[in-house]
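Have a look at final_25.cif below; it lists mmCIF, C-alpha atoms.
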data_coords
loop_
_atom_site.label_atom_id
_atom_site.label_comp_id
_atom_site.auth_asym_id
_atom_site.auth_seq_id
_atom_site.Cartn_x
_atom_site.Cartn_y
_atom_site.Cartn_z
CA LYS A 1 -7.48 17.84 20.97
CA ALA A 2 -3.91 17.03 19.95
CA GLY A 3 -2.74 18.40 16.62
CA VAL A 4 -1.13 16.66 13.69
CA THR A 5 2.17 15.09 14.64
CA GLN A 6 5.00 14.15 12.34
CA THR A 7 8.07 12.06 13.03
CA PRO A 8 10.90 12.47 12.80
CA ARG A 9 11.23 16.23 12.75
CA TYR A 10 14.66 16.22 11.18
CA LEU A 11 16.40 13.64 9.06
CA ILE A 12 19.68 13.44 7.16
CA LYS A 13 20.07 10.78 4.49
CA THR A 14 22.55 9.95 1.78
CA ARG A 15 21.80 9.94 -1.91
CA GLY A 16 20.45 6.55 -3.03
CA GLN A 17 18.98 5.65 0.34
CA GLN A 18 15.28 5.45 1.09
CA VAL A 19 13.32 7.16 3.82
CA THR A 20 9.97 6.72 5.57
CA LEU A 21 8.16 9.61 7.21
CA SER A 22 5.24 9.22 9.57
CA CYS A 23 2.16 11.32 10.21
CA SER A 24 -0.50 10.97 12.91
CA PRO A 25 -3.64 12.99 12.10
CA ILE A 26 -5.96 14.71 14.51
CA SER A 27 -8.14 12.17 16.28
CA GLY A 28 -11.23 11.43 14.21
CA HIS A 29 -9.79 12.77 10.98
CA ARG A 30 -9.88 10.30 8.12
CA SER A 31 -8.07 12.22 5.40
CA VAL A 32 -4.33 12.76 5.28
CA SER A 33 -2.52 14.76 2.60
CA TRP A 34 1.20 15.15 2.04
CA TYR A 35 3.03 18.17 0.65
CA GLN A 36 6.61 18.96 -0.27
CA GLN A 37 7.99 22.44 0.28
CA THR A 38 11.20 23.67 -1.30
CA PRO A 39 12.52 27.22 -1.78
CA GLY A 40 12.35 26.88 -5.55
CA GLN A 41 8.98 25.17 -6.06
CA GLY A 42 7.10 26.28 -2.97
CA LEU A 43 4.39 24.05 -1.50
CA GLN A 44 3.44 21.18 -3.79
CA PHE A 45 0.80 18.51 -3.27
CA LEU A 46 2.09 14.94 -3.18
CA PHE A 47 -0.95 12.77 -2.47
CA GLU A 48 -4.05 12.35 -0.33
CA TYR A 49 -5.32 9.29 1.47
CA PHE A 50 -8.82 8.76 2.77
CA SER A 51 -9.90 5.61 4.60
CA GLU A 52 -6.74 3.80 3.51
CA THR A 53 -7.25 4.63 -0.19
CA GLN A 54 -5.25 7.07 -2.27
CA ARG A 55 -7.68 9.63 -3.64
CA ASN A 56 -5.38 12.09 -5.35
CA LYS A 57 -1.82 12.17 -6.53
CA GLY A 58 0.35 15.10 -7.48
CA ASN A 59 2.91 15.27 -10.24
CA PHE A 60 5.77 13.45 -8.56
CA PRO A 61 7.79 10.42 -9.73
CA GLY A 62 6.95 6.92 -8.58
CA ARG A 63 9.80 7.06 -6.06
CA PHE A 64 7.34 8.89 -3.84
CA SER A 65 4.72 6.63 -2.34
CA GLY A 66 2.49 6.53 0.65
CA ARG A 67 -0.02 4.52 2.56
CA GLN A 68 -2.61 4.93 5.26
CA PHE A 69 -3.44 2.54 8.05
CA SER A 70 -6.80 1.64 9.54
CA ASN A 71 -6.21 4.08 12.42
CA SER A 72 -5.73 6.88 9.80
CA ARG A 73 -2.02 7.22 10.51
CA SER A 74 -0.06 7.65 7.31
CA GLU A 75 3.45 7.09 6.07
CA MET A 76 5.20 8.34 3.00
CA ASN A 77 8.24 6.71 1.50
CA VAL A 78 10.85 8.10 -0.83
CA SER A 79 13.14 5.57 -2.49
CA THR A 80 16.48 6.15 -4.19
CA LEU A 81 16.87 9.60 -2.68
CA GLU A 82 18.20 12.43 -4.80
CA LEU A 83 19.72 15.72 -3.69
CA GLY A 84 16.64 17.51 -4.99
CA ASP A 85 14.45 15.62 -2.52
CA SER A 86 15.82 17.80 0.28
CA ALA A 87 12.74 19.61 1.50
CA LEU A 88 10.25 20.17 4.26
CA TYR A 89 7.60 17.44 4.06
CA LEU A 90 4.27 18.46 5.49
CA CYS A 91 1.32 16.35 6.43
CA ALA A 92 -2.20 17.72 6.78
CA SER A 93 -5.36 16.12 8.06
CA ARG A 94 -9.06 16.91 7.73
CA SER A 95 -12.13 15.16 8.92
CA GLY A 96 -13.20 14.13 5.44
CA THR A 97 -16.86 14.25 6.36
CA GLY A 98 -17.88 17.81 5.59
CA GLY A 99 -14.93 19.50 7.26
CA TYR A 100 -12.85 20.95 4.47
CA GLU A 101 -10.27 22.80 6.51
CA GLN A 102 -6.90 21.10 6.55
CA TYR A 103 -4.71 21.15 9.63
CA PHE A 104 -0.99 20.88 9.08
CA GLY A 105 1.70 19.28 11.17
CA PRO A 106 5.08 20.89 11.86
CA GLY A 107 6.76 18.99 9.05
CA THR A 108 9.80 16.77 8.65
CA ARG A 109 12.94 18.48 7.42
CA LEU A 110 14.76 16.04 5.13
CA THR A 111 18.30 16.75 4.03
CA VAL A 112 19.88 14.53 1.38
CA THR A 113 23.66 14.65 1.10
CA ASP B 1 -9.37 25.38 -9.48
CA ALA B 2 -9.27 29.06 -10.33
CA LYS B 3 -5.92 30.86 -10.35
CA THR B 4 -5.21 33.49 -7.71
CA THR B 5 -2.96 36.53 -7.81
CA GLN B 6 -1.49 38.13 -4.69
CA PRO B 7 1.11 40.86 -4.16
CA PRO B 8 4.45 39.31 -3.23
CA SER B 9 4.95 41.39 -0.12
CA MET B 10 3.31 43.94 2.18
CA ASP B 11 4.23 45.83 5.31
CA CYS B 12 1.94 46.75 8.17
CA ALA B 13 2.50 48.70 11.39
CA GLU B 14 1.89 46.82 14.60
CA GLY B 15 -1.59 47.48 15.97
CA ARG B 16 -2.97 48.60 12.62
CA ALA B 17 -5.24 46.61 10.38
CA ALA B 18 -3.54 44.47 7.72
CA ASN B 19 -5.52 44.21 4.49
CA LEU B 20 -4.28 41.47 2.18
CA PRO B 21 -5.81 41.43 -1.33
CA CYS B 22 -6.34 38.46 -3.61
CA ASN B 23 -7.54 38.44 -7.19
CA HIS B 24 -9.43 35.39 -8.48
CA SER B 25 -11.16 36.71 -11.58
CA THR B 26 -11.81 33.24 -13.05
CA ILE B 27 -13.56 31.87 -9.97
CA SER B 28 -16.65 29.81 -10.66
CA GLY B 29 -19.93 30.02 -8.80
CA ASN B 30 -19.35 27.08 -6.47
CA GLU B 31 -15.69 27.64 -5.63
CA TYR B 32 -14.76 28.79 -2.16
CA VAL B 33 -11.99 31.20 -1.19
CA TYR B 34 -9.63 29.89 1.49
CA TRP B 35 -6.86 31.63 3.36
CA TYR B 36 -3.92 29.97 5.05
CA ARG B 37 -0.77 31.42 6.52
CA GLN B 38 2.65 29.99 7.18
CA ILE B 39 4.87 31.35 9.87
CA HIS B 40 8.53 30.73 9.17
CA SER B 41 9.45 27.02 9.21
CA GLN B 42 6.06 25.93 10.54
CA GLY B 43 3.22 24.14 8.82
CA PRO B 44 0.53 26.28 7.18
CA GLN B 45 -2.33 27.34 9.41
CA TYR B 46 -5.95 27.59 8.30
CA ILE B 47 -7.39 31.07 8.80
CA ILE B 48 -10.81 31.42 7.20
CA HIS B 49 -12.88 30.57 4.15
CA GLY B 50 -15.99 31.88 2.40
CA LEU B 51 -18.21 31.53 -0.64
CA LYS B 52 -19.94 34.83 -1.26
CA ASN B 53 -20.80 36.41 2.06
CA ASN B 54 -18.32 38.18 4.28
CA GLU B 55 -17.00 35.98 7.04
CA THR B 56 -15.42 36.71 10.41
CA ASN B 57 -13.81 34.52 13.02
CA GLU B 58 -11.50 35.05 15.95
CA MET B 59 -8.49 35.41 13.69
CA ALA B 60 -9.63 37.50 10.75
CA SER B 61 -12.34 38.80 8.46
CA LEU B 62 -12.81 37.87 4.84
CA ILE B 63 -14.43 40.35 2.49
CA ILE B 64 -15.47 38.98 -0.92
CA THR B 65 -16.58 41.40 -3.62
CA GLU B 66 -20.08 41.07 -5.01
CA ASP B 67 -18.80 39.72 -8.33
CA ARG B 68 -16.52 37.35 -6.37
CA LYS B 69 -13.54 38.22 -8.55
CA SER B 70 -11.47 39.42 -5.61
CA SER B 71 -11.29 39.23 -1.85
CA THR B 72 -9.49 40.83 1.06
CA LEU B 73 -8.27 39.20 4.23
CA ILE B 74 -8.31 41.61 7.15
CA LEU B 75 -6.29 41.15 10.32
CA PRO B 76 -7.89 43.86 12.48
CA HIS B 77 -5.01 44.54 14.86
CA ALA B 78 -1.80 43.09 13.47
CA THR B 79 0.87 41.95 15.90
CA LEU B 80 4.47 40.93 15.30
CA ARG B 81 3.33 37.30 15.52
CA ASP B 82 1.22 37.83 12.39
CA THR B 83 4.38 38.15 10.30
CA ALA B 84 4.01 35.25 7.86
CA VAL B 85 3.33 34.22 4.27
CA TYR B 86 -0.39 34.40 3.53
CA TYR B 87 -1.88 32.15 0.87
CA CYS B 88 -5.19 32.73 -0.91
CA ILE B 89 -6.55 29.51 -2.44
CA VAL B 90 -9.70 28.86 -4.44
CA ARG B 91 -11.24 25.43 -3.90
CA LEU B 92 -14.07 23.50 -5.41
CA LEU B 93 -15.54 21.65 -2.46
CA GLY B 94 -17.29 18.34 -2.62
CA SER B 95 -15.21 17.13 -5.52
CA SER B 96 -12.68 14.34 -5.50
CA ASN B 97 -9.97 17.01 -5.29
CA THR B 98 -11.20 18.43 -1.99
CA GLY B 99 -8.07 17.37 -0.12
CA LYS B 100 -5.68 18.86 -2.67
CA LEU B 101 -4.60 22.42 -2.01
CA ILE B 102 -2.80 24.32 -4.76
CA PHE B 103 -0.54 26.91 -3.15
CA GLY B 104 0.71 29.93 -5.05
CA GLN B 105 3.59 32.13 -3.94
CA GLY B 106 1.45 34.00 -1.41
CA THR B 107 2.00 37.40 0.19
CA THR B 108 4.77 37.89 2.71
CA LEU B 109 3.34 40.17 5.39
CA GLN B 110 5.91 41.93 7.53
CA VAL B 111 4.45 43.52 10.67
CA LYS B 112 6.75 46.24 11.95
CA PRO B 113 6.91 47.74 15.46
#
Let's see the structure in the file written out as structure tokens.
Amino acid sequence: KAGVTQTPRYLIKTRGQQVTLSCSPISGHRSVSWYQQTPGQGLQFLFEYFSETQRNKGNFPGRFSGRQFSNSRSEMNVSTLELGDSALYLCASRSGTGGYEQYFGPGTRLTVT
Amino acid sequence: DAKTTQPPSMDCAEGRAANLPCNHSTISGNEYVYWYRQIHSQGPQYIIHGLKNNETNEMASLIITEDRKSSTLILPHATLRDTAVYYCIVRLLGSSNTGKLIFGQGTTLQVKP
């Protein structure tokens, strides 16, 4: 079974721009979660989607948003990028029906200049 | 979710068992202990989880004390590829927060030849 895939793997943006990251979960998984990882704050939960509905949201500003499609693929969007948004963005999927283990993708490395 | 405490770093000789401790003294009766690891610049990888009984899989063993206030992850024969940051996480399953993992700082395990 193919793992979680994320695109793009690397991205460079300028302050003030917006960015969209994509995540394809493991086939059959209905839950997708997003995390931000920075050297200073470590791994922090952004939000979780299950069957196209946001179930949980972390403590991030409204500039961070996401959505999930009917095929469980998910996107996250960051608007009005700031230098502090430079991070590794990780997506994780789980089946959502009794399977509680989360499987992470390789991440998207975003650099904001 | 209960708070966990882990040593910031540990060393282990290649081929020897690596024993990684985790303290979770405020764990409640229906919270599970999960372990993930993150090899440099990759997404975290699920290792094992347990409630009260000891668990073993192809990657590791999890020993949970009888009072459940601490646990130990055991890698029976550590290799250089096991060098990673290991995270101990306590999760309440079945709740609306099931998809939200709270990562601490973890333990950096350095396996040395």
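Listed by chain and then by number, the residues chosen by the PyMOL selection byres ((chain A) within 6 of (chain B)) in this file are Leu43, Phe104, Gly105 and Pro106 of chain A.
Interatomic distance, CA of Tyr49 in chain A against CA of Ile27 in chain B: 26.6 Å.
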| task | Write out as a ChimeraX atom specification which residues come within 9 Å of Ser61 in chain B when counting only C-alpha atoms, dropping same-chain ones fewer than 3 positions away. | result | /B:48,54-58,72-76
| request: Given the file shown, enumerate the residues that the PyMOL selection byres ((chain B and resi 7) around 9) captures and present them as an NGL selection string. | output: :B and (5-6 or 8-10 or 20-22 or 106-108)
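The residue that comes closest to Leu110 in chain A, out of A:Phe50, A:Tyr35, A:Phe45, A:Tyr89 and on the basis of all atoms listed in the file, is A:Tyr89.
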| task | List the residues matched by the PyMOL selection byres ((chain A and resi 64-68) around 12) in the displayed structure as a PyMOL selection string, ordered by chain and then by residue number. | result | chain A and resi 18-25+30-36+45-63+69-82+85+89+91+93
| said: Would you pick out the contacts of Cys12 in chain B at 8 Å or less, using only C-alpha atoms, so that residues sharing its chain but fewer than 5 positions from it are not included, and give the list as a list in words? | reply: Ala17, Ala18, Ala78, Leu109, Gln110, Val111 and Lys112 of chain B
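The space separating CA of Arg9 in chain A from CA of Pro39 in chain A comes to 18.3 Å.
Closest to Gln37 in chain A among A:Tyr10, A:Ala2, A:Val112, A:Ser86 is A:Ser86, based on all atoms listed in the file.
Checking B:Arg68, B:Lys52, B:Arg16, B:His40 one by one against Tyr86 in chain B, counting only C-alpha atoms, you find the shortest gap at B:His40.
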